[in-house]
Structures are given as structure tokens and as C-alpha cells.
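Undergrad: Got a structure for you, written out below as C-alpha cells; questions coming shortly.
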Amino acid sequence: MRTRYSLFYNSSSVTQSSQETATLTFGDKALDLPVVTGSEQEKGIDIARLRSATGAITLDPGFGSSGSCTSAITFLDGEQGVLRYRGIPIEELAESASYLETAYLLIYGNLPNTHQLDRFKAEWAARVALPPGMEKFFDSYPKTAHPMAILSAAVQMLSAYHPELTNANPTPAQMEAAIFTLLGALPTLAATGYRKSKGEKPLAPRKDLSYTPNFLYMMFGPPAGKTEPDEVCVRAMRQMFILHADHEQNCSTSTVRIVGSSRASAFTSISAGIGALWGPLHGGANQAVIEMLEEIHKSGASFDTILAKAKDKNSGFRLMGFGHRVYKNFDPRSRIIKKACDQVLNRLGIHDPLLDLAKKLEEAALKDDYFVSRKLYPNVDFYSGIILRALGIPTEQFTVIFALGRISGWLAHWKEMLESPDFRIVRPRQIYTGSTKRPYRPLSERQ
Ligand code: SDX
């Protein structure tokens, strides 16, 4: 790697440094490509000029070695199992922050002071109620509808009540109003969809409750003899929301960015992100993990049998909740949730056989070379369902809970992308492998 010296273009949090380059030799060409150095010393080779200079593109199915952007929101170190939101370790936020504090941190870049937090809460609280008339939208869904299908559609329906927030070039005030509208409405949409699916009357949001207790209240009402949800449940759910709030360029956040890059509205971008999160390889894994554990519990299959199936590429079965594109060490969130499982179940006086089963399955997998050699560890979804079950959340709602955490991260990335000096529509290239040129032949010749 040759080092060339010139003032390095300083964008967002990249450090001022000499212009480092990577030299690509391609045929008879040698191309110096600038190297971007992030604030945590990550290196990215800027290939923006590659095609114009060589006619070639890079190819990276699944984008395992490709960065789509620079971002100052979340830092992951997959080898060390590190996760920080705007530089603050996830362990400290999960222990001490509120969800709206965390949302403020992700969206604006710093933890709020009292005045900033009070204003943020007031703007959020002003938007927790659904627009008049929107509730009847939920009556049109068949009982077979999955909650994530309803949530994604409901977000688009919400935009119909806010045409002033769907324009292609939103002002800062319009961006902020869209952010508060979505942050305020999503829990209410989720709880309304849940209660309607059970034939129960929705409970109106309470402006005296903050994000997490308000959601639990709208879902289940207050426990018998109480006016507010139980503090143990609130603390556990708050941690879940914080742990799921952001995770840099994951599948659903990348989807939000891609859709938003066409200058579709925040509502359309978030609705698309909900769709991407639903997939069982992504946020839908939390539902798939519990269904897998229930199946194992019911069948009594041995861990050897289960692990053999997971290793068999032809089985179509994977050990759900295991593995990660970035973490090649423990997912720090999984460690926190695993610890919280014991605390929450003990405090609620619940014994869930699936927790013991999950712990034993983790132990068996982490002794198996297939998993160890591929650095497949439990991810955020492996234990999260255990806590959600203890809180009374139905399995089909698990990924909705993930979305209620991730909404602040999605909105932070949508805002960061629109405000970026590098903003442009996302349109990857491809390498064509189909038929070369050939003539149209009429039907009579195609028998
Ligand atoms: C989330 O990106 C994010 O940050 C996501 C997320 C977030 O907060 O947004 O962290 C949330 O989505 C967590 C992941 C939830 N999904 C699951 O738990 C589903 C099970 N996991 C896998 O499907 C898989 O591990 C992925 C999807 C998570 C990652 O897929 P990759 O990076 O494409 O890895 P891969 O499929 O290329 O696997 C590499 C090898 C393969 O074997 P070989 O070809 O080397 O022989 O590991 C094997 C895979 O077959 N493998 C597994 C496995 N995960 C990977 N084998 C069995 N069981 C598994 N779970």
C-alpha cells in the first residue's frame, strides 16, 4: 500500500489524515483508490471511480465486504463483540437509559439534557394517538393476517393522514414532524392491531406514561389492582427496546436507506424496513427461535439430532438465533438478554422449560466444531423470545416488538442519509450472465 500525502477530504467523523491509497492493478492499468479511515480506524477503499477508470465493477453478493455509506450512528466490532450507539456502550444504555433518551441519542447524536428530553417527550406524546377514523382500518384485515403485515400496511395508511409529511424534499421541520409521528404512532398501531386481532377494544394511549409503559398498557391494560404496568415488566421491555434500537447497516436499515434514497417518504421507507425485518433470517428469527425450541421440547429430539440437522445443508433447517454476518464473537445483546431472562423469570415467578432447553442447546452447539469453526454464536434473537413470552407477548408479535425498538434507529439513518453530502439514489450494478443477443422467433417456429 503506497502512502500519498494530501489533505484528506473530511466527511462526518473520518479523521484528518494523510491521503492513504490502495493501488489496484487491472490489466495494463494501475489505479490508486483513496482509503477512508473511520473514527474507530476501520478502513474502506473508495471505489467510486473504479468503473469509469477501468470499465470493471466489484461483485460482492450479500455485501459482506462492501460498505454502503459512512455513518456516525452505531459502531460494531464483530470480532470483539462491541456495540455502541454514538460511542456509548450498549451495556450502559441497557442498564441506565430510557428508550426515548436512547432514541434522542441515535437521532440527534448526543444524550439530551433535561430541557431537550422534556421537549422530545412532549413532541412524542403529542403524536401517540391515532388519527380519528384510522382504527377502522384494522377491521378490514382477516384474522389470518400476520402482525408484521398489518404493521407495515398501517404505517403506509398513516401517511394518508399526513400528506404534508410525504413530500420528496422535506424541510428540517417536516423531517422532525415525520420522525415524531412515526415514533409516536408505531406502538399505538402495534397495540391496536393486537387487540383488534383478539376482538378486544383498543386502549387509548396515556400521555402520562412514557414509551415502554404506555405500550404495555395499550397491549394488556393495567394489572389487576394497579393503574400502571408492573415495573419488572416495564424494565425488561425497555431493555429489549434499547437493545434492538439500532445495529448499523443491517438488512432492514439498509432497506430503509435504499427506499428513502429514492426520496420516498419516511412512512414508505419505514414500511419497507418493517417488511425486511419480518424475514426469519433477520428480525423474524425471534419468532422462529421459539417455534424451534417448542418443536424440540415437544419432540424430545436429542441435541445431537438437532445439531446434525442444522449442519446438514440439505435439511433446510438452521439453528435459529445462531450466527451473524458481523459478530464472530458473542453478540453483546444476547449476553445481556440471557442474564435478564433469569432475573425477569425469577421476579415474575415463572419457570419456562424453553429457557433451560435454550441454555443446554447453546452449550451443546458451542462444543461442536461446526459452530465453533464458523464462529456461530447466539445472536440477539436466541434468548429474546423467552423474555417476551414471560411478558405475555404472543409469539407472532415478537418481530413487532423488534420493530418498536428498531424504529428509532431506522429514523436516525433515514435522517442521516437525507442530510448527507454524499446523498444519491442507491442503484447497484450487476454482472449479466444471461443469453447473449438472439433474434425474436415467431410462435410458429417455437413448437
Ligand atoms: C438479526 O445484520 C444485523 O445486524 C442483524 C441483526 C440486527 O440487529 O439488525 O443483528 C438482527 O437479524 C440477527 C440474525 C437473526 N437470524 C438468525 O438467527 C437466522 C439463523 N442465522 C443464519 O441464517 C445466519 O447466521 C445469518 C443470516 C444470521 C447470517 O448469514 P450469513 O452472514 O450470510 O452467513 P452464511 O449463511 O454465509 O453462513 C456461513 C456458514 C455457512 O456454512 P458453510 O457454507 O461455511 O459451510 O455458517 C453456516 C452456513 O451454512 N451457518 C449456519 C447458521 N448460520 C450460518 N448453519 C447452521 N445454523 C445457522 N444458524
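FYI, nothing fancy with the C-alpha cells labels: chains A, B, ... in order, residues from 1 per chain, ligands from 1 as they appear.
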Select from chain A every residue with an atom at most 7 Å from any atom of ligand 1, then for each give the shortest pair of atoms and their distance in Å to one decimal, using only C-alpha atoms and all ligand atoms, rows by chain and rising number, as CSV.
TA:
residue,atom,partner,partner_atom_place_in_ligand_line,distance
A:His244,CA,ligand 1,8 (O),6.1
A:Asp246,CA,ligand 1,8 (O),6.5
A:His247,CA,ligand 1,8 (O),4.8
A:Glu248,CA,ligand 1,4 (O),6.8
A:Gln249,CA,ligand 1,4 (O),6.9
A:Asn250,CA,ligand 1,2 (O),3.8
A:Cys251,CA,ligand 1,2 (O),5.9
A:Ser252,CA,ligand 1,9 (O),6.9
A:Pro280,CA,ligand 1,19 (C),6.2
A:Leu281,CA,ligand 1,16 (N),4.1
A:His282,CA,ligand 1,12 (O),3.1
A:Gly283,CA,ligand 1,12 (O),4.9
A:Ala285,CA,ligand 1,16 (N),4.9
A:Ala310,CA,ligand 1,57 (C),4.7
A:Lys311,CA,ligand 1,57 (C),5.5
A:Lys313,CA,ligand 1,50 (O),6.5
A:Arg318,CA,ligand 1,58 (N),3.8
A:Leu319,CA,ligand 1,58 (N),4.0
A:Met320,CA,ligand 1,20 (C),4.2
A:Gly321,CA,ligand 1,18 (O),3.2
A:Phe322,CA,ligand 1,60 (N),4.3
A:Gly323,CA,ligand 1,25 (O),3.4
A:His324,CA,ligand 1,28 (C),3.9
A:Arg325,CA,ligand 1,32 (O),3.4
A:Val326,CA,ligand 1,2 (O),6.7
A:Arg374,CA,ligand 1,47 (O),5.6
A:Leu376,CA,ligand 1,54 (N),6.3
A:Asn379,CA,ligand 1,13 (C),5.7
A:Val380,CA,ligand 1,13 (C),6.0
A:Asp381,CA,ligand 1,15 (C),5.9
A:Phe382,CA,ligand 1,18 (O),6.9
Undergrad: Fewer than 3 positions away in the same chain doesn't count, so skip those; otherwise give me all residues within 10 Å of Ala149 of chain A, counting only C-alpha atoms, as a list in words.
TA: Tyr141, Ala145, His146, Ser152, Ala153, Ala154, Ser271, Ile274, Gly275, Trp278 and Val400 of chain A
Undergrad: Please provide as a ChimeraX atom specification all residues within 12 Å of Ile150 of chain A, with the sequence filter that same-chain residues fewer than 4 positions apart are discarded (counting only C-alpha atoms).
TA: /A:137-146,154-158,186,189-194,196-197,271,274-275,278,396-397,400
Undergrad: Can you tell me which residues surround Ile258 of chain A at a distance of at most 12 Å, considering only C-alpha atoms, apart from same-chain residues fewer than 5 positions away, and format the answer as an MDAnalysis selection string?
TA: chainID A and resid 68:69 249:253 263:266 268:270 272:273 276 410 413:414 417:418 423:428
Undergrad: Need to verify the contact set: Cys233 of chain A, 9 Å, only C-alpha atoms, exclusion of same-chain residues closer than 6 positions in sequence. Can you return it as a list of chain:residue names?
TA: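 So the residues in contact are A:Pro213, A:Leu216, A:Val344, A:Leu348, A:Ala390, A:Leu391.
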Undergrad: Could you name the residues that touch Leu243 of chain A at 7 Å or less, counting only C-alpha atoms, but leaving out those on the same chain fewer than 2 positions away, as a ChimeraX atom specification?
TA: /A:94,239-241,245,333
Undergrad: Using DSSP on the backbone coordinates, identify the residues of segment 96-232 of chain A assigned to helix (DSSP H, G or I); present them as a VMD selection string.
TA: chain A and resid 96 99 to 108 114 to 125 134 to 140 147 to 159 163 to 165 172 to 197 211 to 220 231 to 232
Undergrad: Might you pull out every residue within 10 Å of segment 354-364 of chain A, with only C-alpha atoms counted and same-chain residues fewer than 3 positions away left off, and present them as a PyMOL selection string?
TA: chain A and resi 289-290+292-294+296-297+302-304+306-307+319+321-322+338+341-342+345+351+367-368+371+377-378+382-383+385-387
Undergrad: Those residues with N, CA, C and O atoms, as a short mmCIF file (atom, residue, chain, number, x, y, z; two decimals), in the first residue's frame please?
TA:
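Listing of again30.cif after writing:
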data_model
loop_
_atom_site.label_atom_id
_atom_site.label_comp_id
_atom_site.auth_asym_id
_atom_site.auth_seq_id
_atom_site.Cartn_x
_atom_site.Cartn_y
_atom_site.Cartn_z
N VAL A 289 -37.07 -18.82 16.53
CA VAL A 289 -36.33 -19.47 17.62
C VAL A 289 -37.30 -20.16 18.59
O VAL A 289 -37.14 -21.33 18.93
N ILE A 290 -38.31 -19.43 19.00
CA ILE A 290 -39.27 -20.01 19.96
C ILE A 290 -40.01 -21.19 19.32
O ILE A 290 -40.20 -22.23 19.94
N MET A 292 -38.83 -23.10 17.08
CA MET A 292 -37.85 -24.20 17.03
C MET A 292 -37.72 -24.85 18.42
O MET A 292 -37.76 -26.08 18.55
N LEU A 293 -37.61 -24.04 19.45
CA LEU A 293 -37.45 -24.58 20.81
C LEU A 293 -38.71 -25.35 21.23
O LEU A 293 -38.62 -26.43 21.84
N GLU A 294 -39.88 -24.84 20.87
CA GLU A 294 -41.14 -25.56 21.19
C GLU A 294 -41.18 -26.91 20.48
O GLU A 294 -41.56 -27.93 21.05
N ILE A 296 -38.57 -28.69 19.48
CA ILE A 296 -37.57 -29.58 20.11
C ILE A 296 -38.13 -30.11 21.44
O ILE A 296 -38.05 -31.28 21.76
N HIS A 297 -38.75 -29.20 22.19
CA HIS A 297 -39.31 -29.58 23.51
C HIS A 297 -40.39 -30.65 23.34
O HIS A 297 -40.45 -31.64 24.08
N SER A 302 -32.91 -35.29 20.45
CA SER A 302 -31.62 -35.06 21.15
C SER A 302 -30.89 -33.88 20.51
O SER A 302 -31.15 -33.52 19.35
N PHE A 303 -30.01 -33.28 21.28
CA PHE A 303 -29.25 -32.15 20.72
C PHE A 303 -28.40 -32.63 19.54
O PHE A 303 -28.22 -31.90 18.56
N ASP A 304 -27.89 -33.85 19.64
CA ASP A 304 -27.10 -34.38 18.52
C ASP A 304 -27.93 -34.38 17.24
O ASP A 304 -27.47 -33.97 16.17
N ILE A 306 -30.57 -32.53 16.56
CA ILE A 306 -30.85 -31.14 16.16
C ILE A 306 -29.63 -30.53 15.49
O ILE A 306 -29.71 -29.95 14.40
N LEU A 307 -28.48 -30.70 16.09
CA LEU A 307 -27.26 -30.07 15.55
C LEU A 307 -26.87 -30.73 14.23
O LEU A 307 -26.44 -30.05 13.30
N LEU A 319 -30.04 -23.55 12.85
CA LEU A 319 -30.19 -23.30 14.28
C LEU A 319 -30.56 -21.83 14.43
O LEU A 319 -29.70 -20.94 14.42
N GLY A 321 -31.45 -18.20 15.61
CA GLY A 321 -30.89 -17.45 16.74
C GLY A 321 -29.40 -17.61 16.88
O GLY A 321 -28.79 -17.04 17.78
N PHE A 322 -28.82 -18.40 15.94
CA PHE A 322 -27.35 -18.58 15.95
C PHE A 322 -26.74 -17.99 14.69
O PHE A 322 -27.35 -18.03 13.62
N LYS A 338 -29.73 -12.84 27.90
CA LYS A 338 -29.64 -14.14 28.62
C LYS A 338 -29.64 -13.89 30.13
O LYS A 338 -30.37 -14.55 30.88
N CYS A 341 -33.02 -12.86 31.30
CA CYS A 341 -34.03 -13.95 31.33
C CYS A 341 -34.19 -14.48 32.74
O CYS A 341 -35.31 -14.56 33.27
N ASP A 342 -33.08 -14.83 33.34
CA ASP A 342 -33.13 -15.39 34.71
C ASP A 342 -33.78 -14.39 35.66
O ASP A 342 -34.67 -14.73 36.43
N LEU A 345 -37.66 -13.90 34.84
CA LEU A 345 -38.47 -15.09 35.15
C LEU A 345 -38.53 -15.31 36.65
O LEU A 345 -39.58 -15.61 37.21
N HIS A 351 -41.29 -20.41 35.60
CA HIS A 351 -40.28 -21.37 35.15
C HIS A 351 -40.60 -21.74 33.71
O HIS A 351 -41.66 -22.31 33.43
N LYS A 367 -19.87 -26.48 21.79
CA LYS A 367 -18.85 -27.52 21.92
C LYS A 367 -18.63 -28.23 20.58
O LYS A 367 -17.79 -29.12 20.44
N ASP A 368 -19.44 -27.84 19.57
CA ASP A 368 -19.43 -28.54 18.28
C ASP A 368 -18.56 -27.77 17.29
O ASP A 368 -18.77 -26.58 17.06
N PHE A 371 -19.92 -25.26 14.61
CA PHE A 371 -20.32 -23.91 15.04
C PHE A 371 -19.11 -23.11 15.48
O PHE A 371 -18.97 -21.92 15.15
N TYR A 377 -22.29 -17.91 17.04
CA TYR A 377 -22.68 -17.74 18.45
C TYR A 377 -24.15 -17.33 18.53
O TYR A 377 -24.73 -16.89 17.52
N PRO A 378 -24.74 -17.40 19.71
CA PRO A 378 -26.13 -16.91 19.85
C PRO A 378 -26.19 -15.41 19.50
O PRO A 378 -25.34 -14.63 19.91
N PHE A 382 -31.71 -15.17 20.02
CA PHE A 382 -31.75 -16.52 20.59
C PHE A 382 -32.51 -16.58 21.91
O PHE A 382 -33.27 -17.50 22.15
N TYR A 383 -32.30 -15.58 22.76
CA TYR A 383 -32.97 -15.59 24.06
C TYR A 383 -34.13 -14.59 24.17
O TYR A 383 -34.90 -14.62 25.12
N GLY A 385 -36.97 -14.22 22.79
CA GLY A 385 -38.34 -14.74 22.85
C GLY A 385 -38.72 -15.24 24.24
O GLY A 385 -39.90 -15.19 24.63
N ILE A 386 -37.72 -15.70 24.98
CA ILE A 386 -38.01 -16.22 26.34
C ILE A 386 -38.57 -15.09 27.21
O ILE A 386 -39.57 -15.25 27.91
N ILE A 387 -37.93 -13.95 27.11
CA ILE A 387 -38.39 -12.79 27.92
C ILE A 387 -39.77 -12.33 27.41
O ILE A 387 -40.69 -12.07 28.19
#
Undergrad: Mind the document's chain letters and residue numbers, and return as a list in words the residues of segment 56-142 of chain A that DSSP labels strand (DSSP E).
TA: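 Secondary structure check on segment 56-142 of chain A, strand (DSSP E): Thr74, Phe75, Leu76, Asp77, Val82, Leu83, Arg84, Tyr85, Ile88 and Pro89 of chain A.
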Undergrad: Limited to C-alpha atoms, could you put the picked residues into a file as a PDB file, in the first residue's frame?
TA:
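That gives us result32.pdb:
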ATOM      1  CA  THR A  74     -23.667   2.955  15.596  1.00  0.00           C
ATOM      2  CA  PHE A  75     -20.320   1.205  15.831  1.00  0.00           C
ATOM      3  CA  LEU A  76     -19.991  -2.585  15.817  1.00  0.00           C
ATOM      4  CA  ASP A  77     -16.830  -4.572  16.292  1.00  0.00           C
ATOM      5  CA  VAL A  82     -18.659  -4.475  20.765  1.00  0.00           C
ATOM      6  CA  LEU A  83     -21.831  -2.422  20.149  1.00  0.00           C
ATOM      7  CA  ARG A  84     -22.009   1.348  20.835  1.00  0.00           C
ATOM      8  CA  TYR A  85     -24.718   3.894  19.987  1.00  0.00           C
ATOM      9  CA  ILE A  88     -21.898   4.853  24.295  1.00  0.00           C
ATOM     10  CA  PRO A  89     -21.608   1.105  25.111  1.00  0.00           C
TER      11      PRO A  89
END
Undergrad: A:Leu183, A:Leu33, A:Met219, A:Ala56: which is nearest Glu200 of chain A, counting only C-alpha atoms?
TA: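 Distance minimum relative to Glu200 of chain A lands on A:Met219.
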Undergrad: Between A:Ala126, A:Ile73, A:Ser96, A:Leu151, which has the minimum distance to Asn110 of chain A (counting only C-alpha atoms)?
TA: A:Ile73
Undergrad: In Å, with one decimal, what is the gap from atom CA of Asp208 of chain A to atom CA of Pro229 of chain A?
TA: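 We find that atom CA of Asp208 of chain A and atom CA of Pro229 of chain A lie 12.5 Å from each other.
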Undergrad: Kindly indicate which residue among A:Ser315, A:Ser52, A:Pro202, A:Ile350 lies nearest to Gly392 of chain A, using only C-alpha atoms for the distances.
TA: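 Among the listed residues, the smallest separation from Gly392 of chain A belongs to A:Ile350.
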Undergrad: I'd like the interatomic distance between atom CA of Val256 of chain A and atom CA of Ala403 of chain A, to a tenth of an Å.
TA: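 Those two atoms sit 12.4 Å apart.
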